[in-house]
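Read the structure below first, then the notes.
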Amino acid sequence: MRWIRAAGRGLLVLVVVLTGYVASGARADDRTAGGRGPLTLATAGDLTGYLGPLLQDWNRTHPAEQVTLVELPDSADETRAQMITDLRDARGRFDVLNIDVAWTSEFAAAGWIRPLPRDRFPLGSFLPRVVDTATYDRRLYAVPYVTNAGLLLYRKDVLAKEGVPPPRTWAELERAARTIAPKYGLDGYAGQFLPYEGLTVNAAEAVYSAGGTILGDEGERVTVNSNAAREGIGFLARGVREGWIPEQALTYKEEESKQAFLDGRLLFLRNWPYAYAAASAEGSPLAGKVGAVPLPGPDGPGTSVLGGSNLAVSSHARHPDTAARLIAYLISEPVQRQVLTRGALPPVRAALYEDPELVRDFPYLPTLRASVLAAAPRPKSPRYDQVSLVVQAVVHDAMTGRETPEGAVRRLARELAAISSH
């Protein structure tokens, strides 16, 4: 997913030049029992281009602990697959991994990443909630690096003309999407509803916002069979059935939904803050016309799913002490500030969300902070990939009318129970 794309294309070449060796051949003679030495950092690829300079700074001041960056594919599924292949190999290349927050439990349960000492990292300075994404079985297995929460983007110019405030509840959202949007030639509401990880996120947010859960006890207990889950999935299914969620939204991922909003086709959009930044940027056709508020729920503000990425250390890491020190560097206040200002990614340091200069440059920060503080992790499970596939498939069937919300919840409970029993 987009929020874990930590490096720009071409940076691998840059960092390899800086470190003076090619990553694919670096490990053969480098594996020592020492705690300090060179490392390889694996991350998903992106066009942001901010991580290379950060690693240059590290390499300049740590000549004996050079870091080589390895970019993996843009696709989260492909990134995960390549990381797992490497982690299963005792002589794999990767020492530190920038992983999606949803993968922490799976990687920890499999023994692919090592537990980390809490006292080495300033966890108390992070936004509350984000540390929960980095734990499994009450132990710290990663360190939060980037966080995220879904926001409701809206056309504030349209709502201002109608004298209507941004919605705080589902009923207010539905009413505006159904009655105001058509007056301006707009569709009502969209999220990321293609059957992929984004739909799992949107579905979990709907269930959480209604007061429900999907799994408990680290995935060992299925909790989805509830009135809250029926209400949340019913909200999404009703939107498509009644037309205030356009059928086209069933094909949207993050980029497609963002583009539909930028093209002036939507009144409301659920997306991550990067979409707000793009819509508000100089040169955007919507610059000055967009607002953002926390996601609505049945009776007031709802619950977002926590996005972002965590930094983990491979169980086969060559130099675990250097790995921990690199992570401490990447979560330090000066670097976290650059994560936001140069990478446009939401940092985990709480104080940055109240920095007047940053709030001036990134006006969505207070809203994002509120959303993160009220957010919840995706369902934790050592078999998260299977859990997500089931949620995607079942909720998509409900949204396309092939399954009633009641039937979808019963099916979810049955199929998730089968996963948990294995």
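Chain lettering (A, B, ...) mirrors the order of the structure tokens, residue numbering begins at 1 for each chain separately, and ligand numbering begins at 1 in order of display.
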
Q: From a DSSP calculation on the backbone, collect every residue of range 150-398 of chain A in strand (DSSP E or B) and output the set as a ChimeraX atom specification.
A: /A:151-155,169,187-190,215-216,221-222,266-271,290-294,296-297,301,305-314,347,349,376

Q: Within 7 Å of Ser209 in chain A, counting only C-alpha atoms, which residues show up once you throw out same-chain ones fewer than 3 positions away? Write them as a ChimeraX atom specification, please.
A: /A:205-206,297,302-303

Atoms kept (N, CA and C atoms) for selection, written as a compact mmCIF listing (two decimals), in the first residue's frame:
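Saved to out-v3.txt:
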```txt
# COMPACT_ATOMS: atom_id res chain seq x y z
N GLU A 205 -13.30 -0.56 8.84
CA GLU A 205 -13.70 0.75 9.36
C GLU A 205 -15.21 0.83 9.57
N ALA A 206 -15.98 0.27 8.64
CA ALA A 206 -17.43 0.30 8.79
C ALA A 206 -17.87 -0.51 10.00
N GLY A 297 -19.58 7.95 11.59
CA GLY A 297 -20.10 6.67 12.05
C GLY A 297 -21.59 6.77 12.24
N GLY A 302 -16.61 8.20 13.37
CA GLY A 302 -16.38 6.77 13.36
C GLY A 302 -14.96 6.40 13.72
N THR A 303 -14.56 5.23 13.31
CA THR A 303 -13.24 4.68 13.64
C THR A 303 -12.51 4.33 12.36
```

Q: Please provide as a PyMOL selection string all residues within 8 Å of Val290 in chain A, with the sequence filter that same-chain residues fewer than 5 positions apart are discarded (counting only C-alpha atoms).
A: chain A and resi 153-157+276+279-280

Report the closest atom pair, with its distance in Å rounded to one decimal, for each residue of range 127-191 of chain A that has an atom no farther than 12 Å from range 379-386 of chain A; count only C-alpha atoms, sort by chain and then rising residue number, and write it as JSON lines.
```
{"residue": "A:Asp132", "atom": "CA", "partner": "A:Lys380", "partner_atom": "CA", "distance": 10.1}
{"residue": "A:Thr133", "atom": "CA", "partner": "A:Lys380", "partner_atom": "CA", "distance": 8.6}
{"residue": "A:Ala134", "atom": "CA", "partner": "A:Lys380", "partner_atom": "CA", "distance": 10.6}
{"residue": "A:Thr135", "atom": "CA", "partner": "A:Lys380", "partner_atom": "CA", "distance": 9.7}
{"residue": "A:Tyr136", "atom": "CA", "partner": "A:Lys380", "partner_atom": "CA", "distance": 8.3}
{"residue": "A:Asp137", "atom": "CA", "partner": "A:Lys380", "partner_atom": "CA", "distance": 10.2}
```

Kindly save the residues from that selection, with N, CA and C atoms included, as a short mmCIF file (atom, residue, chain, number, x, y, z; two decimals), in the first residue's frame.
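Once everything was written out, this is part_18.cif:
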```cif
data_model
loop_
_atom_site.label_atom_id
_atom_site.label_comp_id
_atom_site.auth_asym_id
_atom_site.auth_seq_id
_atom_site.Cartn_x
_atom_site.Cartn_y
_atom_site.Cartn_z
N ASP A 132 0.53 -0.43 19.24
CA ASP A 132 -0.22 -1.68 19.21
C ASP A 132 -0.03 -2.41 17.88
N THR A 133 0.20 -1.67 16.80
CA THR A 133 0.40 -2.32 15.50
C THR A 133 1.73 -3.06 15.43
N ALA A 134 2.64 -2.77 16.36
CA ALA A 134 3.98 -3.35 16.33
C ALA A 134 4.17 -4.48 17.33
N THR A 135 3.09 -4.88 18.00
CA THR A 135 3.20 -5.92 19.02
C THR A 135 2.49 -7.20 18.59
N TYR A 136 2.96 -8.30 19.15
CA TYR A 136 2.30 -9.59 18.97
C TYR A 136 2.53 -10.40 20.24
N ASP A 137 1.46 -10.98 20.75
CA ASP A 137 1.55 -11.78 21.97
C ASP A 137 2.20 -10.96 23.10
#
```

Q) Hey, what's within 12 Å of range 106-112 of chain A if we count only C-alpha atoms and toss same-chain stuff fewer than 2 positions away? As a PyMOL selection string, please? A) chain A and resi 80-81+83-90+92+94-97+99-104+114-116+133-142+218-219+310-317+379-387
